[in-house]
Amino acid sequence: MLLSESRKVFRPRLKVGALVVHLVLLVLSITALVPFVMLLSASFSTEESLGKNGYGLFPGEFSLDAYKFIFNDVGQIVNSYFITVVVSFGGSSMGLLIMSMLAFALSRRDFKLRRPLAFYVFFTMLFNGGLVPWYILITQYLHLKNTVFALILPYLVVPWFVLLLRTYFAGLPTELFEAAKIDGAGEWRIFFQIVVPLSTPALATVGLFSLLQYWNDWWLALLFIDDRTLYPLQYLLYTIQSNIDALSQNPDLNMGVVIPTQGVRMAMAVLAIGPIIFAFLFVQRYFVKGITLGGIKE
Amino acid sequence: MSKDANRDKANNFNRRRFVKLAAQAALVLPAGSAILAACGDNTATPAGIAATTAQAATTASAATTAAGATTTAASTAGAAATAAAATTVEVTSLPPVELLYTYRAMPQKDTAIVQEELNKLLKAKINATIKLNPIDPGSFDQKLKLSYAAGEKLDLVFTAPYANDYYQGVSQGNLIPLDDLLAKYAPKTFASMNASTWNAARVNGKIYAIINQQIFVKPWGAIFRKDLAEKYKLDLSSLHKQDDIEPFLKQVKEGEGINPIVFDDAGGSILFRPELYNFDSLLDAALVGMKADDKDMKVINLAETAEYKEAAERARRWHEAGYYPKDAPSAADATAGFKAGKSAVIIHTDKPGGNIEYKARYGWDFVSVTFAKPWLTTAGTTATMTAITRTSANPERAMMLLELLNTDKEVYNLLCKGIENKHWVWVDKSKEVIGYANGLTAQTSGYNPNTDWMFGNQFNAYYINPEQVGAWEATSKLNKDAIPSLALGFAASTENIKTEIAQVSALVKQYNWPLQQGRLDPATGIPEFVSKMKASGMDKILSEVQNQLNAWKKANA
């Protein structure tokens with residue numbers, strides 16, 4: 001009796017609590033969504049209406065000028081998308097493979113070179129040769145200038161991700177490996193059939209980080225790519241933006257080039273979000289678990 | 001004992017294991033990268049093929065044009081055309097070279113085709129080919145710095161005090177002195193400007209870059225929307241100084257209900273401009289200057305001058321009367337607002353043909369006046385230049401190319417405007433007016449770099465608007481008649497005063513625009529500005545620049 005009564009009293013309270021929480025979350029998500037909607041609407045507005053009315057939730061005067069300006073060279077955009085996709089997915093999957101193998105080796109206590117190798121990885125987190133020697137190495141010794149590899153190789157192994165994975169692998173029970181060994185499994189089999197399936201949260205997290213790093217990168221392209229056919233998307237957008245700025249400062253405006261400056265900026269942001277937003281949806285379920293990696297260690 | 005042995009065994013085992021693992025990895029990794037390489041090759045192939053075919057095409061065409069050149073040379077040699085024969089003999093005796101031309105512009109779709117077309121001309125003229133290397137403005141400085149540092153081979157580079165810093169290039173030894181080359185291989189370019197003008201590009205007495213001719217002077221003035229000037233019967237000939245436009249501002253403000261002067265957060269329409277008051281701004285960013293005709297060459301803080309105060313007071317008056325908008329919008333917003341009719345007056349330069357450019361930007365017809373004397377200063381003259389780098393293997397040929405870019409209209413306009421009938425067509429050949437080729441616009445044209453001033457003597461450029469005809473002659477005359485500042489050629493080295501300049505320019509950004517746009521009361525604003533400048537090391541800047549100027553004066557006496 002008492003119990004059920006108290007339950008009855010408790011229930012509406014719970015509902016109020018949930019309502020409050022939901023309201024707060026709703027407000028939060030609206031504050032996150034509104035700028036995004038404004039961005040979308042601004043990218044579809046005319047430059048004049050942006051100047052006159054500012055940003056709004058709906059385009060003041062609907063126009064596709066900004067997209068027309070960016071898609072002036074459709075081939076280039078498609079090409080850059082292609083490069084970015086190849087670099088992002090190729091680079092992050094290659095990187096994930098190499099980093100996880102390295103991390104697995106580092107996580108094994110019975111691996112003799114563990115300490116020097118770990119130090120080698122850790123050392124590069126703190127110290128590096130500096131920009132110019134790095135540039136010389138890549139352009140004059142490895143001859144990677146104007147190749148896709150210049151966009152992939154430098155981010156293949158990120159020490160921070162290696163350490164993240166190592167910590168996770170170290171948390172796996174060693175008994176499992178021993179049992180596998182007794183059953184006749186080699187190191188490869190242990191890694192691919194036992195470690196990898198057990199580590200999906202960590203691998204998904206690192207994979208996503210790595211994917212995002214490749215996707216968002218324009219710095220490597222700035223340094224090493226002159227050939228427009230190899231421009232990744234982010235660098236292409238970066239150059240479009242900087243070119244607009246240069247154009248607006250160009251004293252020779254007599255060609256009558258009128259650019260929807262504001263709209264283009266917004267349209268570029270929309271384009272850059274592109275398919276990568278779906279990557280979140282796919283790996284989201286692993287993500288929370290992956291983020292709290294350090295916490296699960298006993 | 002046995003335990004130890006066991007451990008040893010285990011260790012051995014592990015070591016062997018590791019070696020085995022490593023060997024396996026060594027097998028797998030190259031395989032992986034080979035797969036990757038295959039992907040890379042796939043993506044690269046079309047480009048590769050295109051490049052090779054383009055190369056084949058150029059060599060083929062080059063061969064034919066070279067053959068053509070020699071046959072014409074043979075026929076003209078018979079006619080004893082001494083000058084022509086002399087140059088063609090020289091050309092055929094020159095070994096073929098490729099020159100890399102690096103400049104600050106967005107790459108155009110048809111750059112490769114224009115380059116091919118240029119090479120046909122250059123092959124015949126100087127037996128050289130050019131490789132155009134446009135770098136986007138956003139990456140230009142960074143990429144060039146790395147190129148210099150890595151000692152990469154470059155030939156021609158665009159340079160100016162604000163992009164690919166000219167003085168840094170000289171002091172770091174990246175650029176070579178050009179005096180001898182200029183006299184020998186580019187005599188026409190050298191003769192095309194007043195001898196005193198070249199002084200602007202001299203560092204320690206030597207020229208390290210070829211000045212591209214464009215407008216050197218800063219004819220500060222005011223620009224009015226034509227419809228309103230006519231509506232309110234503005235008499236341009238009655239305007240001699242900024243104060244004179246006040247009645248018009250009042251009429252527009254009252255009659256149209258708008259804040260007539262356009263300005264933005266990037267500093268538009270500020271009233272104090274050094275040249276307007278006969279100052280030569282030696283360090284524009286820090287408001288350091290001198291009177292351009294001051295024989296004593298006294299370096300002063302421009303913010304402390306009576307002229308500065310006067311301009312700021314005028315700006316304040318205009319601000320309070322509502323002639324300026326209350327707040328500074330972004331440049332894009334200001335432009336959009338102007339297009340929508342929210343503004344009427346620009347306080348800026350009134351250069352020949354300038355109103356057409358304002359029209360392109362703001363969408364109105366304009367009339368204009370200038371209030372400034374045409375002073376020739378270092379900053380105005382060296383705004384756009386081309387230099388030859390230390391790593392160039394062929395500086396002589398690079399100079400020959402520069403001579404062509406500055407004197408040969410065909411070569412120059414090919415680089416500036418693209419290919420006839422493909423990118424542009426004649427509108428009026430006798431007046432050298434061109435228009436876009438069939439159906440093309442500024443946006444759809446495959447080649448429209450729109451930066452004539454970067455490639456050479458802008459006065460050789462074809463006009464793209466019939467209304468512009470004569471603007472180049474007028475500008476050239478303005479340049480030639482300009483009064484050289486007594487400090488022409490002096491450029492302050494900021495090496496020892498970097499920190500102070502950074503601090504003072506931050507203050508200038510913070511105070512100068514609001515003061516000269518009337519948003520800040522000069523009665524309190526200027527003393528505050530000046531005292532903060534002093535606290536940030538303005539005196540050190542002044543004395544450093546003064547010392548440099550004295551030394552320069554002595555060296556150039």
# chains A, B, ... in the order shown; residues from 1 in each chain; ligands from 1
call {"tool": "interface_residues", "arguments": {"of": "chain B", "to": "chain A", "cutoff": "7 Å", "atoms": "only C-alpha atoms", "output": "JSON, numbers by chain"}}
result
{"B": [40, 106, 136, 137, 138, 139, 143, 146, 149, 150, 332, 333, 336, 337, 340, 356, 357, 360, 361, 442, 450, 451]}
call {"tool": "write_last_selection", "arguments": {"atoms": "C-alpha atoms", "output": "short mmCIF file (atom, residue, chain, number, x, y, z; two decimals), in the first residue's frame"}}
result
data_model
loop_
_atom_site.label_atom_id
_atom_site.label_comp_id
_atom_site.auth_asym_id
_atom_site.auth_seq_id
_atom_site.Cartn_x
_atom_site.Cartn_y
_atom_site.Cartn_z
CA GLY B 40 46.72 7.31 -56.37
CA MET B 106 43.74 32.72 -58.21
CA ASP B 136 46.17 31.79 -54.30
CA PRO B 137 46.46 35.01 -52.30
CA GLY B 138 45.70 33.19 -49.06
CA SER B 139 48.66 30.84 -49.45
CA LYS B 143 54.31 29.02 -49.89
CA LEU B 146 58.90 27.79 -47.67
CA ALA B 149 63.80 28.41 -47.20
CA ALA B 150 64.00 25.12 -49.09
CA ALA B 332 30.25 43.34 -47.76
CA ASP B 333 27.30 44.85 -45.93
CA ALA B 336 25.26 45.68 -50.43
CA GLY B 337 23.80 48.72 -48.68
CA ALA B 340 20.45 49.19 -52.37
CA ILE B 356 33.90 52.94 -63.67
CA GLU B 357 35.45 50.72 -61.03
CA ALA B 360 31.27 47.99 -60.98
CA ARG B 361 31.42 47.68 -57.24
CA ALA B 442 33.28 37.73 -66.10
CA ASN B 450 41.72 40.69 -63.59
CA THR B 451 45.08 41.74 -62.22
#
call {"tool": "atom_distance", "arguments": {"atom1": "atom CA of Pro449 of chain B", "atom2": "atom CA of Phe140 of chain B"}}
result
15.5 Å
call {"tool": "atom_distance", "arguments": {"atom1": "atom CA of Gln234 of chain A", "atom2": "atom CA of Phe71 of chain A"}}
result
14.7 Å
call {"tool": "residues_around", "arguments": {"residues": "Tyr214 of chain A", "least_positions_apart": "6", "cutoff": "9 Å", "atoms": "only C-alpha atoms", "output": "number ranges by chain"}}
result
A: 84, 87-89, 91-92, 151-152, 155
call {"tool": "write_last_selection", "arguments": {"atoms": "C-alpha atoms", "output": "PDB file, in the first residue's frame"}}
result
ATOM      1  CA  THR A  84      38.889  14.436 -50.190  1.00  0.00           C
ATOM      2  CA  VAL A  87      42.243  10.831 -48.905  1.00  0.00           C
ATOM      3  CA  SER A  88      39.877  10.724 -45.911  1.00  0.00           C
ATOM      4  CA  PHE A  89      38.710   7.146 -46.205  1.00  0.00           C
ATOM      5  CA  GLY A  91      44.056   7.653 -45.124  1.00  0.00           C
ATOM      6  CA  SER A  92      41.947   6.936 -42.066  1.00  0.00           C
ATOM      7  CA  LEU A 151      47.976  14.512 -48.188  1.00  0.00           C
ATOM      8  CA  ILE A 152      47.906  11.057 -46.602  1.00  0.00           C
ATOM      9  CA  TYR A 155      48.656  11.997 -40.675  1.00  0.00           C
TER      10      TYR A 155
END
call {"tool": "select_by_dssp", "arguments": {"residues": "segment 52-297 of chain A", "states": "helix (DSSP H, G or I)", "output": "number ranges by chain"}}
result
A: 52-53, 65-107, 114-126, 131-141, 149-155, 159-170, 174-182, 187-198, 200-216, 219-224, 228-230, 233-249, 253-255, 261-273, 276-291, 293-296
call {"tool": "select_by_dssp", "arguments": {"residues": "segment 185-404 of chain B", "states": "strand (DSSP E)", "output": "PyMOL selection string"}}
result
chain B and resi 202-203+206-207+209-211+221-225+279-283+288-291+300-301+345-346+366-370+375-376+385-388
call {"tool": "write_last_selection", "arguments": {"atoms": "C-alpha atoms", "output": "PDB file, in the first residue's frame"}}
result
ATOM      1  CA  ARG B 202      66.232  51.024 -54.687  1.00  0.00           C
ATOM      2  CA  VAL B 203      67.506  49.370 -51.545  1.00  0.00           C
ATOM      3  CA  LYS B 206      70.362  48.953 -56.014  1.00  0.00           C
ATOM      4  CA  ILE B 207      67.158  47.975 -57.780  1.00  0.00           C
ATOM      5  CA  ALA B 209      62.603  44.502 -58.568  1.00  0.00           C
ATOM      6  CA  ILE B 210      61.005  45.922 -61.684  1.00  0.00           C
ATOM      7  CA  ILE B 211      58.240  48.368 -60.869  1.00  0.00           C
ATOM      8  CA  GLY B 221      39.151  63.086 -53.172  1.00  0.00           C
ATOM      9  CA  ALA B 222      35.436  62.490 -53.035  1.00  0.00           C
ATOM     10  CA  ILE B 223      33.123  60.504 -55.263  1.00  0.00           C
ATOM     11  CA  PHE B 224      29.428  61.283 -55.588  1.00  0.00           C
ATOM     12  CA  ARG B 225      26.500  59.371 -56.973  1.00  0.00           C
ATOM     13  CA  PHE B 279      52.695  64.077 -45.830  1.00  0.00           C
ATOM     14  CA  ASP B 280      54.779  61.150 -46.991  1.00  0.00           C
ATOM     15  CA  SER B 281      53.713  58.295 -44.754  1.00  0.00           C
ATOM     16  CA  LEU B 282      56.955  56.499 -44.082  1.00  0.00           C
ATOM     17  CA  LEU B 283      55.259  53.869 -41.944  1.00  0.00           C
ATOM     18  CA  VAL B 288      54.682  57.839 -38.943  1.00  0.00           C
ATOM     19  CA  GLY B 289      55.516  60.327 -41.664  1.00  0.00           C
ATOM     20  CA  MET B 290      57.138  63.547 -42.711  1.00  0.00           C
ATOM     21  CA  LYS B 291      56.178  66.541 -44.796  1.00  0.00           C
ATOM     22  CA  ILE B 300      56.766  63.055 -36.984  1.00  0.00           C
ATOM     23  CA  ASN B 301      53.826  61.339 -35.395  1.00  0.00           C
ATOM     24  CA  VAL B 345      29.305  59.524 -51.230  1.00  0.00           C
ATOM     25  CA  ILE B 346      32.672  57.763 -51.100  1.00  0.00           C
ATOM     26  CA  PHE B 366      29.580  58.450 -60.210  1.00  0.00           C
ATOM     27  CA  VAL B 367      31.214  61.851 -60.557  1.00  0.00           C
ATOM     28  CA  SER B 368      34.298  62.812 -58.599  1.00  0.00           C
ATOM     29  CA  VAL B 369      36.863  65.412 -57.555  1.00  0.00           C
ATOM     30  CA  THR B 370      40.332  65.220 -56.098  1.00  0.00           C
ATOM     31  CA  TRP B 375      52.879  63.145 -54.413  1.00  0.00           C
ATOM     32  CA  LEU B 376      55.142  60.344 -55.532  1.00  0.00           C
ATOM     33  CA  MET B 385      56.732  44.752 -58.627  1.00  0.00           C
ATOM     34  CA  THR B 386      58.353  41.706 -60.152  1.00  0.00           C
ATOM     35  CA  ALA B 387      61.706  40.411 -58.942  1.00  0.00           C
ATOM     36  CA  ILE B 388      64.170  37.730 -59.998  1.00  0.00           C
TER      37      ILE B 388
END
call {"tool": "residues_around", "arguments": {"residues": "Ile245 of chain B", "least_positions_apart": "3", "cutoff": "10 Å", "atoms": "only C-alpha atoms", "output": "MDAnalysis selection string"}}
result
chainID B and resid 222 224 234:236 238:242 248:250 345
call {"tool": "write_last_selection", "arguments": {"atoms": "C-alpha atoms", "output": "PDB file, in the first residue's frame"}}
result
ATOM      1  CA  ALA B 222      35.436  62.490 -53.035  1.00  0.00           C
ATOM      2  CA  PHE B 224      29.428  61.283 -55.588  1.00  0.00           C
ATOM      3  CA  LEU B 234      26.461  69.925 -57.259  1.00  0.00           C
ATOM      4  CA  ASP B 235      29.102  72.128 -58.904  1.00  0.00           C
ATOM      5  CA  LEU B 236      32.270  70.005 -58.939  1.00  0.00           C
ATOM      6  CA  SER B 238      33.627  74.656 -56.648  1.00  0.00           C
ATOM      7  CA  LEU B 239      35.037  71.816 -54.561  1.00  0.00           C
ATOM      8  CA  HIS B 240      38.649  72.238 -53.456  1.00  0.00           C
ATOM      9  CA  LYS B 241      38.814  70.669 -50.040  1.00  0.00           C
ATOM     10  CA  GLN B 242      36.818  68.246 -47.925  1.00  0.00           C
ATOM     11  CA  PHE B 248      25.943  68.566 -50.477  1.00  0.00           C
ATOM     12  CA  LEU B 249      26.059  66.038 -47.622  1.00  0.00           C
ATOM     13  CA  LYS B 250      23.438  68.095 -45.837  1.00  0.00           C
ATOM     14  CA  VAL B 345      29.305  59.524 -51.230  1.00  0.00           C
TER      15      VAL B 345
END
call {"tool": "residues_around", "arguments": {"residues": "Ile270 of chain B", "least_positions_apart": "5", "cutoff": "10 Å", "atoms": "only C-alpha atoms", "output": "ChimeraX atom specification"}}
result
/B:261-264,311-312,315,346-348,512-518
call {"tool": "write_last_selection", "arguments": {"atoms": "C-alpha atoms", "output": "short mmCIF file (atom, residue, chain, number, x, y, z; two decimals), in the first residue's frame"}}
result
data_model
loop_
_atom_site.label_atom_id
_atom_site.label_comp_id
_atom_site.auth_asym_id
_atom_site.auth_seq_id
_atom_site.Cartn_x
_atom_site.Cartn_y
_atom_site.Cartn_z
CA ILE B 261 28.93 58.60 -46.67
CA VAL B 262 29.73 54.92 -47.14
CA PHE B 263 32.21 53.33 -44.77
CA ASP B 264 32.89 49.98 -43.18
CA ALA B 311 40.33 66.20 -40.09
CA ALA B 312 39.13 64.39 -36.97
CA ALA B 315 34.70 63.82 -39.15
CA ILE B 346 32.67 57.76 -51.10
CA ILE B 347 35.68 59.51 -49.59
CA HIS B 348 38.50 57.85 -51.46
CA ASN B 512 42.48 56.06 -36.20
CA TRP B 513 39.42 54.81 -38.03
CA PRO B 514 36.88 55.75 -35.35
CA LEU B 515 38.54 59.14 -34.99
CA GLN B 516 38.60 59.82 -38.69
CA GLN B 517 35.10 58.48 -39.19
CA GLY B 518 33.80 60.68 -36.42
#
call {"tool": "residues_around", "arguments": {"residues": "Glu310 of chain B", "least_positions_apart": "2", "cutoff": "12 Å", "atoms": "only C-alpha atoms", "output": "list in words"}}
result
Gln242, Asp243, Leu271, Phe272, Arg273, Tyr277, Leu302, Ala303, Glu304, Thr305, Ala306, Glu307, Tyr308, Ala312, Glu313, Arg314, Ala315, Arg316, Arg317, Leu515, Gln516, Gly518, Pro522, Ala523 and Ile526 of chain B
call {"tool": "write_last_selection", "arguments": {"atoms": "N, CA and C atoms", "output": "compact mmCIF listing (two decimals), in the first residue's frame"}}
result
# COMPACT_ATOMS: atom_id res chain seq x y z
N GLN B 242 37.89 69.07 -48.46
CA GLN B 242 36.82 68.25 -47.92
C GLN B 242 35.65 69.08 -47.39
N ASP B 243 35.98 70.22 -46.77
CA ASP B 243 34.93 71.06 -46.19
C ASP B 243 33.88 71.47 -47.21
N LEU B 271 38.78 60.42 -43.11
CA LEU B 271 39.04 61.76 -43.65
C LEU B 271 40.52 62.11 -43.68
N PHE B 272 41.32 61.57 -42.75
CA PHE B 272 42.73 61.94 -42.76
C PHE B 272 43.51 60.97 -43.64
N ARG B 273 44.09 61.50 -44.70
CA ARG B 273 44.99 60.72 -45.54
C ARG B 273 46.28 61.52 -45.65
N TYR B 277 47.43 65.96 -47.01
CA TYR B 277 48.03 67.09 -46.29
C TYR B 277 49.52 67.17 -46.55
N LEU B 302 52.06 61.50 -37.05
CA LEU B 302 51.01 62.21 -37.77
C LEU B 302 49.80 62.50 -36.90
N ALA B 303 49.57 61.66 -35.90
CA ALA B 303 48.41 61.86 -35.04
C ALA B 303 48.55 63.12 -34.18
N GLU B 304 49.77 63.64 -34.08
CA GLU B 304 49.98 64.83 -33.26
C GLU B 304 49.90 66.12 -34.07
N THR B 305 49.69 66.01 -35.37
CA THR B 305 49.70 67.21 -36.19
C THR B 305 48.37 67.95 -36.13
N ALA B 306 48.44 69.24 -36.46
CA ALA B 306 47.23 70.06 -36.49
C ALA B 306 46.30 69.56 -37.59
N GLU B 307 46.88 69.06 -38.68
CA GLU B 307 46.06 68.58 -39.80
C GLU B 307 45.21 67.38 -39.36
N TYR B 308 45.83 66.50 -38.58
CA TYR B 308 45.11 65.31 -38.11
C TYR B 308 43.91 65.71 -37.27
N ALA B 312 39.94 65.14 -37.95
CA ALA B 312 39.13 64.39 -36.97
C ALA B 312 37.94 65.23 -36.51
N GLU B 313 38.16 66.54 -36.36
CA GLU B 313 37.05 67.40 -35.94
C GLU B 313 35.97 67.48 -37.00
N ARG B 314 36.43 67.52 -38.24
CA ARG B 314 35.46 67.54 -39.35
C ARG B 314 34.65 66.24 -39.34
N ALA B 315 35.39 65.12 -39.15
CA ALA B 315 34.70 63.82 -39.15
C ALA B 315 33.67 63.76 -38.03
N ARG B 316 34.04 64.32 -36.87
CA ARG B 316 33.12 64.32 -35.74
C ARG B 316 31.86 65.14 -36.06
N ARG B 317 32.10 66.29 -36.67
CA ARG B 317 30.99 67.16 -37.04
C ARG B 317 30.04 66.41 -37.98
N LEU B 515 38.31 57.70 -35.06
CA LEU B 515 38.54 59.14 -34.99
C LEU B 515 38.25 59.80 -36.32
N GLN B 516 38.74 59.17 -37.39
CA GLN B 516 38.60 59.82 -38.69
C GLN B 516 37.29 59.47 -39.38
N GLY B 518 34.65 59.89 -37.29
CA GLY B 518 33.80 60.68 -36.42
C GLY B 518 33.11 59.94 -35.29
N PRO B 522 37.29 63.78 -30.93
CA PRO B 522 38.73 64.10 -30.99
C PRO B 522 39.22 64.84 -29.74
N ALA B 523 38.35 65.60 -29.08
CA ALA B 523 38.78 66.38 -27.92
C ALA B 523 39.37 65.47 -26.85
N ILE B 526 41.95 62.09 -29.27
CA ILE B 526 43.32 62.26 -29.77
C ILE B 526 44.35 62.25 -28.64
call {"tool": "residues_around", "arguments": {"residues": "segment 197-210 of chain A", "least_positions_apart": "3", "cutoff": "10 Å", "atoms": "only C-alpha atoms", "output": "ChimeraX atom specification"}}
result
/A:88-89,91-97,99-100,155-158,160-162,164-169,172,191-194,213-216,276,279-280,282-293
call {"tool": "write_last_selection", "arguments": {"atoms": "C-alpha atoms", "output": "compact mmCIF listing (two decimals), in the first residue's frame"}}
result
# COMPACT_ATOMS: atom_id res chain seq x y z
CA SER A 88 39.88 10.72 -45.91
CA PHE A 89 38.71 7.15 -46.20
CA GLY A 91 44.06 7.65 -45.12
CA SER A 92 41.95 6.94 -42.07
CA SER A 93 41.55 3.22 -42.79
CA MET A 94 45.24 2.81 -43.55
CA GLY A 95 46.07 4.88 -40.51
CA LEU A 96 43.71 2.93 -38.29
CA LEU A 97 45.30 -0.34 -39.38
CA MET A 99 48.06 2.71 -35.55
CA SER A 100 46.13 -0.19 -34.03
CA TYR A 155 48.66 12.00 -40.67
CA LEU A 156 48.94 8.23 -40.99
CA VAL A 157 50.22 7.73 -37.45
CA VAL A 158 49.12 10.22 -34.85
CA TRP A 160 47.94 10.71 -29.48
CA PHE A 161 45.65 8.16 -31.14
CA VAL A 162 48.28 5.45 -30.71
CA LEU A 164 44.65 6.16 -26.80
CA LEU A 165 44.47 2.76 -28.46
CA ARG A 166 47.33 1.38 -26.40
CA THR A 167 45.53 2.28 -23.20
CA TYR A 168 42.43 0.51 -24.44
CA PHE A 169 44.27 -2.60 -25.57
CA LEU A 172 41.88 -6.21 -22.39
CA PHE A 191 44.94 -9.31 -33.22
CA PHE A 192 42.36 -9.54 -35.94
CA GLN A 193 39.97 -12.05 -34.43
CA ILE A 194 40.15 -11.23 -30.76
CA GLN A 213 41.31 15.15 -39.36
CA TYR A 214 41.73 14.17 -42.99
CA TRP A 215 38.40 15.63 -43.96
CA ASN A 216 39.04 19.01 -42.38
CA ILE A 276 30.88 13.94 -43.27
CA ALA A 279 29.90 9.70 -40.39
CA PHE A 280 28.66 10.84 -36.99
CA PHE A 282 27.19 5.71 -38.14
CA VAL A 283 29.74 5.75 -35.37
CA GLN A 284 27.71 7.64 -32.81
CA ARG A 285 26.74 4.51 -30.86
CA TYR A 286 30.39 3.70 -30.27
CA PHE A 287 31.33 7.23 -29.69
CA VAL A 288 30.27 7.83 -26.10
CA LYS A 289 31.88 4.62 -24.99
CA GLY A 290 35.02 5.41 -26.92
CA ILE A 291 35.32 8.88 -25.49
CA THR A 292 35.36 7.55 -21.92
CA LEU A 293 38.13 5.10 -22.77
call {"tool": "closest_residue", "arguments": {"among": "B:Met400, B:Ala321, B:Val427, B:Ile497", "to": "Pro187 of chain B", "atoms": "only C-alpha atoms"}}
result
B:Met400
call {"tool": "closest_residue", "arguments": {"among": "B:Leu549, B:Ala331, B:Ala163, B:Val252", "to": "Gly268 of chain B", "atoms": "only C-alpha atoms"}}
result
B:Ala331
